[in-house]
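Asker: Sending over protein_1.cif (mmCIF, C-alpha atoms).
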data_model
#
loop_
_atom_site.group_PDB
_atom_site.id
_atom_site.type_symbol
_atom_site.label_atom_id
_atom_site.label_comp_id
_atom_site.auth_asym_id
_atom_site.auth_seq_id
_atom_site.Cartn_x
_atom_site.Cartn_y
_atom_site.Cartn_z
ATOM 1 C CA MET U 21 -78.048 50.832 10.226
ATOM 2 C CA ILE U 22 -76.329 47.663 11.414
ATOM 3 C CA SER U 23 -77.804 45.767 14.356
ATOM 4 C CA VAL U 24 -75.946 43.074 16.254
ATOM 5 C CA VAL U 25 -78.236 40.419 17.742
ATOM 6 C CA CYS U 26 -77.443 37.464 20.014
ATOM 7 C CA SER U 27 -79.684 34.410 20.423
ATOM 8 C CA VAL U 28 -79.438 31.232 22.464
ATOM 9 C CA LEU U 29 -80.352 27.736 21.292
ATOM 10 C CA ILE U 30 -81.091 25.320 24.130
ATOM 11 C CA GLU U 31 -81.943 21.661 23.632
ATOM 12 C CA GLU U 32 -83.177 19.474 26.453
ATOM 13 C CA ASN U 33 -84.667 15.993 26.097
ATOM 14 C CA GLY U 34 -85.225 16.391 22.366
ATOM 15 C CA LYS U 35 -86.994 19.747 22.673
ATOM 16 C CA TYR U 36 -85.793 23.273 21.954
ATOM 17 C CA LEU U 37 -86.573 26.420 23.936
ATOM 18 C CA PHE U 38 -88.487 29.077 21.986
ATOM 19 C CA VAL U 39 -90.256 32.279 22.971
ATOM 20 C CA LYS U 40 -93.549 33.474 21.507
ATOM 21 C CA GLU U 41 -92.991 36.878 19.940
ATOM 22 C CA VAL U 42 -95.201 39.860 20.751
ATOM 23 C CA LYS U 43 -93.700 42.546 18.470
ATOM 24 C CA GLU U 44 -96.145 43.459 15.717
ATOM 25 C CA GLU U 45 -93.904 42.300 12.830
ATOM 26 C CA ALA U 46 -93.484 38.840 14.401
ATOM 27 C CA LYS U 47 -96.556 38.508 16.622
ATOM 28 C CA ASP U 48 -97.370 34.899 17.577
ATOM 29 C CA LYS U 49 -94.287 33.515 15.834
ATOM 30 C CA TYR U 50 -91.811 31.409 17.762
ATOM 31 C CA GLY U 51 -88.203 32.533 17.936
ATOM 32 C CA LEU U 52 -85.067 31.787 19.848
ATOM 33 C CA PRO U 53 -84.598 33.911 22.961
ATOM 34 C CA GLY U 54 -82.375 36.806 21.986
ATOM 35 C CA GLY U 55 -82.065 40.441 21.119
ATOM 36 C CA ARG U 56 -79.827 43.389 20.410
ATOM 37 C CA LEU U 57 -76.419 44.020 21.866
ATOM 38 C CA ASP U 58 -76.493 46.923 24.346
ATOM 39 C CA PRO U 59 -73.656 49.487 24.433
ATOM 40 C CA GLY U 60 -70.727 48.207 26.469
ATOM 41 C CA GLU U 61 -71.857 44.550 26.426
ATOM 42 C CA THR U 62 -69.934 41.607 25.103
ATOM 43 C CA LEU U 63 -71.755 39.233 22.762
ATOM 44 C CA GLU U 64 -71.952 36.575 25.467
ATOM 45 C CA GLU U 65 -73.283 39.065 28.033
ATOM 46 C CA ALA U 66 -76.020 40.088 25.602
ATOM 47 C CA ALA U 67 -76.973 36.464 24.922
ATOM 48 C CA ARG U 68 -77.198 35.693 28.650
ATOM 49 C CA ARG U 69 -79.164 38.875 29.424
ATOM 50 C CA GLU U 70 -81.676 38.306 26.631
ATOM 51 C CA LEU U 71 -82.175 34.660 27.633
ATOM 52 C CA GLN U 72 -82.922 35.731 31.192
ATOM 53 C CA GLU U 73 -85.124 38.710 30.272
ATOM 54 C CA GLU U 74 -87.192 37.000 27.586
ATOM 55 C CA ALA U 75 -87.416 33.406 28.792
ATOM 56 C CA GLY U 76 -86.427 33.411 32.463
ATOM 57 C CA TYR U 77 -83.528 30.963 32.038
ATOM 58 C CA ARG U 78 -79.823 30.900 32.784
ATOM 59 C CA VAL U 79 -77.295 28.529 31.276
ATOM 60 C CA GLU U 80 -74.041 27.196 32.637
ATOM 61 C CA GLN U 81 -72.049 27.642 29.440
ATOM 62 C CA LEU U 82 -72.411 29.248 26.042
ATOM 63 C CA ALA U 83 -70.630 28.221 22.842
ATOM 64 C CA LEU U 84 -70.874 30.105 19.554
ATOM 65 C CA LEU U 85 -72.750 27.970 17.035
ATOM 66 C CA THR U 86 -73.183 30.163 13.974
ATOM 67 C CA ILE U 87 -73.233 33.702 12.648
ATOM 68 C CA ASN U 88 -75.951 34.880 10.259
ATOM 69 C CA GLN U 89 -76.164 38.040 8.210
ATOM 70 C CA LYS U 90 -79.419 39.533 6.950
ATOM 71 C CA PRO U 91 -78.395 42.441 4.730
ATOM 72 C CA HIS U 92 -81.899 43.797 4.091
ATOM 73 C CA THR U 93 -84.579 43.514 6.780
ATOM 74 C CA GLN U 94 -88.124 44.821 6.362
ATOM 75 C CA HIS U 95 -86.937 47.972 8.166
ATOM 76 C CA GLY U 96 -84.001 48.475 5.777
ATOM 77 C CA ASN U 97 -81.395 47.440 8.335
ATOM 78 C CA THR U 98 -78.573 44.950 8.214
ATOM 79 C CA VAL U 99 -78.665 42.414 11.053
ATOM 80 C CA ILE U 100 -75.736 40.279 12.153
ATOM 81 C CA LYS U 101 -76.923 37.481 14.445
ATOM 82 C CA PHE U 102 -74.669 35.420 16.704
ATOM 83 C CA VAL U 103 -76.375 32.167 17.726
ATOM 84 C CA TYR U 104 -75.024 30.421 20.811
ATOM 85 C CA ILE U 105 -75.705 26.963 22.208
ATOM 86 C CA GLY U 106 -76.522 27.059 25.905
ATOM 87 C CA THR U 107 -75.915 24.098 28.204
ATOM 88 C CA ASP U 108 -77.430 23.078 31.539
ATOM 89 C CA PRO U 109 -80.453 25.422 31.463
ATOM 90 C CA ARG U 110 -81.900 26.499 34.775
ATOM 91 C CA GLN U 111 -85.307 28.150 35.011
ATOM 92 C CA LEU U 112 -85.322 31.191 37.274
ATOM 93 C CA ASP U 113 -88.044 31.949 39.762
ATOM 94 C CA GLU U 114 -88.565 35.496 38.526
ATOM 95 C CA PRO U 115 -90.743 37.209 35.942
ATOM 96 C CA HIS U 116 -89.764 37.206 32.285
ATOM 97 C CA GLU U 117 -91.086 39.051 29.239
ATOM 98 C CA LEU U 118 -92.326 36.353 26.864
ATOM 99 C CA GLU U 119 -94.238 33.095 26.885
ATOM 100 C CA THR U 120 -91.921 30.109 26.446
ATOM 101 C CA ALA U 121 -92.437 26.820 24.632
ATOM 102 C CA TRP U 122 -90.296 23.692 24.344
ATOM 103 C CA LEU U 123 -90.741 22.488 20.752
ATOM 104 C CA THR U 124 -89.804 19.187 19.128
ATOM 105 C CA ILE U 125 -88.124 19.009 15.727
ATOM 106 C CA ASP U 126 -91.475 17.985 14.197
ATOM 107 C CA GLU U 127 -93.234 20.984 15.766
ATOM 108 C CA ILE U 128 -90.488 23.322 14.557
ATOM 109 C CA LYS U 129 -90.795 21.901 11.038
ATOM 110 C CA LYS U 130 -94.595 22.250 11.097
ATOM 111 C CA TYR U 131 -94.481 25.819 12.419
ATOM 112 C CA ALA U 132 -91.782 26.758 9.891
ATOM 113 C CA GLU U 133 -93.981 25.467 7.045
ATOM 114 C CA GLN U 134 -96.814 27.633 8.433
ATOM 115 C CA GLY U 135 -94.537 30.692 8.617
ATOM 116 C CA ARG U 136 -94.690 30.687 12.426
ATOM 117 C CA ILE U 137 -90.932 30.440 13.129
ATOM 118 C CA ARG U 138 -89.124 33.771 13.325
ATOM 119 C CA GLY U 139 -85.845 33.470 11.467
ATOM 120 C CA LYS U 140 -85.950 31.333 8.343
ATOM 121 C CA GLU U 141 -82.464 30.041 9.163
ATOM 122 C CA ILE U 142 -83.431 28.591 12.561
ATOM 123 C CA PRO U 143 -84.744 25.166 11.412
ATOM 124 C CA ALA U 144 -81.596 24.648 9.287
ATOM 125 C CA ILE U 145 -79.353 25.624 12.199
ATOM 126 C CA ILE U 146 -81.126 23.151 14.474
ATOM 127 C CA ARG U 147 -80.768 20.399 11.844
ATOM 128 C CA GLY U 148 -77.035 21.233 11.586
ATOM 129 C CA GLU U 149 -77.279 22.321 7.961
ATOM 130 C CA ASP U 150 -74.763 25.144 8.073
ATOM 131 C CA THR U 151 -71.642 25.584 5.954
ATOM 132 C CA GLY U 152 -69.619 23.266 8.159
ATOM 133 C CA VAL U 153 -67.563 26.119 9.587
ATOM 134 C CA GLY U 154 -70.244 27.500 11.883
ATOM 135 C CA LEU U 155 -71.132 30.303 9.492
ATOM 136 C CA THR U 156 -74.481 30.546 7.765
ATOM 137 C CA ILE U 157 -75.070 33.538 5.530
ATOM 138 C CA THR U 158 -78.694 34.430 4.876
ATOM 139 C CA THR U 159 -78.905 36.839 1.958
ATOM 140 C CA HIS U 160 -82.596 37.650 1.698
#
Here is the file; what I need is its structure written in the form of C-alpha coordinates.
Answerer:
Amino acid sequence: MISVVCSVLIEENGKYLFVKEVKEEAKDKYGLPGGRLDPGETLEEAARRELQEEAGYRVEQLALLTINQKPHTQHGNTVIKFVYIGTDPRQLDEPHELETAWLTIDEIKKYAEQGRIRGKEIPAIIRGEDTGVGLTITTH
(Lines of atoms letter the chains of each structure in order from A and count residues from 1; the text may use other names and numbers.)
(Lines give C-alpha, C1' and ligand atoms only; values in the text may rest on other atoms or scores of the structure.)
Protein backbone atom coordinates (compact mmCIF):
# COMPACT_ATOMS: atom_id res chain seq x y z
CA MET A 1 0.00 0.00 0.00
CA ILE A 2 1.16 3.54 -0.76
CA SER A 3 0.40 6.29 1.75
CA VAL A 4 0.70 9.98 0.96
CA VAL A 5 1.58 12.10 3.99
CA CYS A 6 1.87 15.89 4.36
CA SER A 7 3.80 17.63 7.14
CA VAL A 8 4.45 21.26 8.00
CA LEU A 9 7.74 22.73 9.19
CA ILE A 10 7.36 26.02 11.06
CA GLU A 11 10.27 28.05 12.39
CA GLU A 12 9.78 31.01 14.68
CA ASN A 13 12.51 32.81 16.63
CA GLY A 14 15.01 30.00 16.11
CA LYS A 15 12.64 27.26 17.27
CA TYR A 16 10.68 24.66 15.32
CA LEU A 17 7.16 23.43 16.01
CA PHE A 18 6.92 19.72 16.85
CA VAL A 19 4.16 17.52 18.21
CA LYS A 20 4.66 14.73 20.74
CA GLU A 21 3.45 11.49 19.20
CA VAL A 22 1.00 9.19 20.97
CA LYS A 23 0.74 6.30 18.48
CA GLU A 24 2.31 3.16 19.92
CA GLU A 25 5.04 2.86 17.25
CA ALA A 26 6.21 6.44 17.87
CA LYS A 27 5.03 7.14 21.43
CA ASP A 28 6.84 10.06 23.09
CA LYS A 29 8.83 10.90 19.96
CA TYR A 30 8.67 14.37 18.49
CA GLY A 31 7.52 14.79 14.91
CA LEU A 32 6.40 17.49 12.56
CA PRO A 33 2.64 18.08 12.55
CA GLY A 34 1.23 16.09 9.67
CA GLY A 35 -0.62 13.04 8.50
CA ARG A 36 -2.27 11.18 5.67
CA LEU A 37 -4.01 12.70 2.70
CA ASP A 38 -7.79 12.17 2.90
CA PRO A 39 -9.80 11.27 -0.23
CA GLY A 40 -10.63 14.36 -2.25
CA GLU A 41 -8.04 16.59 -0.54
CA THR A 42 -5.21 18.45 -2.18
CA LEU A 43 -1.76 18.11 -0.64
CA GLU A 44 -1.92 21.65 0.72
CA GLU A 45 -5.39 21.08 2.21
CA ALA A 46 -4.10 17.98 3.99
CA ALA A 47 -1.08 19.84 5.37
CA ARG A 48 -3.26 22.67 6.69
CA ARG A 49 -5.84 20.29 8.19
CA GLU A 50 -3.23 18.16 9.95
CA LEU A 51 -1.46 21.24 11.33
CA GLN A 52 -4.73 22.49 12.77
CA GLU A 53 -5.92 19.11 14.09
CA GLU A 54 -2.64 18.00 15.66
CA ALA A 55 -1.07 21.25 16.83
CA GLY A 56 -3.83 23.87 16.85
CA TYR A 57 -2.07 26.24 14.42
CA ARG A 58 -2.84 27.89 11.11
CA VAL A 59 -0.32 29.40 8.74
CA GLU A 60 -0.65 32.21 6.25
CA GLN A 61 1.24 30.49 3.45
CA LEU A 62 2.66 27.09 2.62
CA ALA A 63 5.57 26.35 0.28
CA LEU A 64 6.71 22.86 -0.68
CA LEU A 65 10.14 22.22 0.82
CA THR A 66 10.92 18.59 0.05
CA ILE A 67 9.50 15.22 -0.88
CA ASN A 68 10.64 12.04 0.86
CA GLN A 69 10.01 8.43 -0.03
CA LYS A 70 10.16 5.57 2.46
CA PRO A 71 9.74 2.41 0.40
CA HIS A 72 9.54 -0.04 3.31
CA THR A 73 7.96 1.04 6.61
CA GLN A 74 7.64 -1.25 9.63
CA HIS A 75 4.10 -1.99 8.41
CA GLY A 76 5.29 -2.95 4.91
CA ASN A 77 3.93 0.20 3.29
CA THR A 78 5.50 2.76 1.02
CA VAL A 79 5.15 6.33 2.30
CA ILE A 80 5.58 9.45 0.19
CA LYS A 81 5.89 12.52 2.41
CA PHE A 82 5.47 16.11 1.23
CA VAL A 83 7.05 18.55 3.69
CA TYR A 84 5.88 22.15 3.53
CA ILE A 85 7.26 25.29 5.15
CA GLY A 86 4.55 27.30 6.87
CA THR A 87 4.83 31.05 7.42
CA ASP A 88 3.20 33.41 9.91
CA PRO A 89 1.88 30.77 12.34
CA ARG A 90 -1.16 31.64 14.38
CA GLN A 91 -2.21 29.57 17.38
CA LEU A 92 -5.92 28.82 17.45
CA ASP A 93 -8.06 29.02 20.54
CA GLU A 94 -9.52 25.55 20.08
CA PRO A 95 -8.63 22.03 21.17
CA HIS A 96 -6.03 20.03 19.29
CA GLU A 97 -4.96 16.39 19.42
CA LEU A 98 -1.30 16.43 20.46
CA GLU A 99 1.03 18.18 22.86
CA THR A 100 3.21 20.74 21.08
CA ALA A 101 6.80 21.78 21.69
CA TRP A 102 8.98 24.49 20.14
CA LEU A 103 12.46 22.95 19.84
CA THR A 104 15.81 24.56 19.12
CA ILE A 105 18.30 23.06 16.67
CA ASP A 106 20.36 21.80 19.63
CA GLU A 107 17.30 20.11 21.18
CA ILE A 108 16.40 18.52 17.84
CA LYS A 109 19.96 17.22 17.47
CA LYS A 110 19.96 15.84 21.03
CA TYR A 111 16.56 14.17 20.63
CA ALA A 112 17.58 12.73 17.24
CA GLU A 113 20.69 11.18 18.82
CA GLN A 114 18.42 9.65 21.48
CA GLY A 115 16.04 8.28 18.82
CA ARG A 116 13.27 10.64 19.96
CA ILE A 117 12.65 12.41 16.62
CA ARG A 118 10.12 10.72 14.36
CA GLY A 119 11.44 10.77 10.82
CA LYS A 120 15.18 10.29 10.49
CA GLU A 121 15.20 12.79 7.62
CA ILE A 122 13.77 15.67 9.68
CA PRO A 123 17.03 16.99 11.24
CA ALA A 124 18.71 16.98 7.79
CA ILE A 125 15.75 18.81 6.25
CA ILE A 126 15.89 21.46 8.96
CA ARG A 127 19.66 21.88 8.43
CA GLY A 128 19.01 22.27 4.67
CA GLU A 129 20.94 19.13 3.77
CA ASP A 130 18.76 17.96 0.90
CA THR A 131 19.78 17.27 -2.69
CA GLY A 132 19.59 20.93 -3.62
CA VAL A 133 16.46 20.43 -5.71
CA GLY A 134 14.04 20.07 -2.81
CA LEU A 135 13.96 16.29 -3.09
CA THR A 136 15.30 14.00 -0.41
CA ILE A 137 14.95 10.28 -0.96
CA THR A 138 15.08 8.12 2.15
CA THR A 139 15.60 4.50 1.16
CA HIS A 140 15.51 2.62 4.45
Asker: Between CA of Gln111 (chain U) and CA of Ile30 (chain U), what distance in Å does the model show, to one decimal?
Answerer: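 A separation of 12.0 Å between them.
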Asker: Quick one: apply the PyMOL selection byres ((chain U and resi 41) around 10) to the file and drop the selected residues here as a list in words.
Answerer: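 Against this file, the PyMOL selection byres ((chain U and resi 41) around 10) returns the residues Phe38, Val39, Lys40, Val42, Lys43, Glu44, Glu45, Ala46, Lys47, Asp48, Lys49, Tyr50, Gly51, Leu52, Pro53, Glu74, Glu117, Leu118, Glu119, Thr120, Arg136, Ile137 and Arg138 of chain U.
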Asker: For each of U:Lys129, U:His95, U:Arg68, U:Lys90, take the minimum atom-to-atom distance to Ser27 (chain U), counting only C-alpha atoms, then give the residue where this is smallest.
Answerer: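 Nearest candidate to Ser27 (chain U) out of U:Lys129, U:His95, U:Arg68, U:Lys90: U:Arg68.
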Asker: How many Å lie between CA of Asp126 (chain U) and CA of Leu29 (chain U), rounded to one decimal?
Answerer: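 Taking CA of Asp126 (chain U) and CA of Leu29 (chain U), their separation equals 16.4 Å.
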Asker: To one decimal in Å, tell me the separation between CA of Arg78 (chain U) and CA of Pro109 (chain U).
Answerer: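 Spanning CA of Arg78 (chain U) to CA of Pro109 (chain U) is a straight-line distance of 5.7 Å.
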Asker: Can you list what the PyMOL selection byres ((chain U and resi 22) around 12) grabs from this structure, as an NGL selection string?
Answerer: :U and (21 or 23-25 or 56-57 or 89-93 or 95-101)
Asker: Looking at U:Val103, U:Asp108, U:Glu32, U:Ile87, which one is nearest to Gly54 (chain U), with distances taken over only C-alpha atoms?
Answerer: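 Closest candidate: U:Val103.
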Asker: Could you spell out the hits of the PyMOL selection byres ((chain U and resi 114) around 10) on the shown file, as a PyMOL selection string?
Answerer: chain U and resi 72-73+76-77+111-113+115-116
Asker: Just to be explicit: take each residue in the selection above, keep C-alpha atoms, and write the result as a PDB file, in the frame of the given file.
Answerer:
ATOM      1  CA  GLN U  72     -82.922  35.731  31.192  1.00  0.00           C
ATOM      2  CA  GLU U  73     -85.124  38.710  30.272  1.00  0.00           C
ATOM      3  CA  GLY U  76     -86.427  33.411  32.463  1.00  0.00           C
ATOM      4  CA  TYR U  77     -83.528  30.963  32.038  1.00  0.00           C
ATOM      5  CA  GLN U 111     -85.307  28.150  35.011  1.00  0.00           C
ATOM      6  CA  LEU U 112     -85.322  31.191  37.274  1.00  0.00           C
ATOM      7  CA  ASP U 113     -88.044  31.949  39.762  1.00  0.00           C
ATOM      8  CA  PRO U 115     -90.743  37.209  35.942  1.00  0.00           C
ATOM      9  CA  HIS U 116     -89.764  37.206  32.285  1.00  0.00           C
TER      10      HIS U 116
END
Asker: Using only C-alpha atoms, which of the listed residues (U:Asn33, U:Gly55, U:Glu80, U:Tyr131) sits closest to Arg110 (chain U)?
Answerer: U:Glu80
Asker: U:Ala144, U:Leu37, U:Leu71, U:Ile128: which is nearest Asn88 (chain U), counting all atoms listed in the file?
Answerer: U:Ala144
Asker: Rank nothing, just name the residue among U:Ala121, U:Ile145, U:Ala83, U:Val28 nearest to Ala67 (chain U), using all atoms listed in the file.
Answerer: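 The closest residue to Ala67 (chain U) is U:Val28.
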Asker: Can you work out which one of U:Leu82, U:Phe102, U:Glu70, U:Pro59 has the shortest atom-to-atom distance to Cys26 (chain U), counting all atoms listed in the file?
Answerer: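 Smallest distance to Cys26 (chain U) is found for U:Phe102.
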Asker: Starting from the point (-84.5, 15.2, 23.4), work out which residues of protein, DNA or RNA have an atom no more than 10 Å away when counting only C-alpha atoms; state them as a list in words.
Answerer: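 Selection result: Glu31, Glu32, Asn33, Gly34, Lys35, Tyr36, Leu123, Thr124 and Ile125 of chain U.
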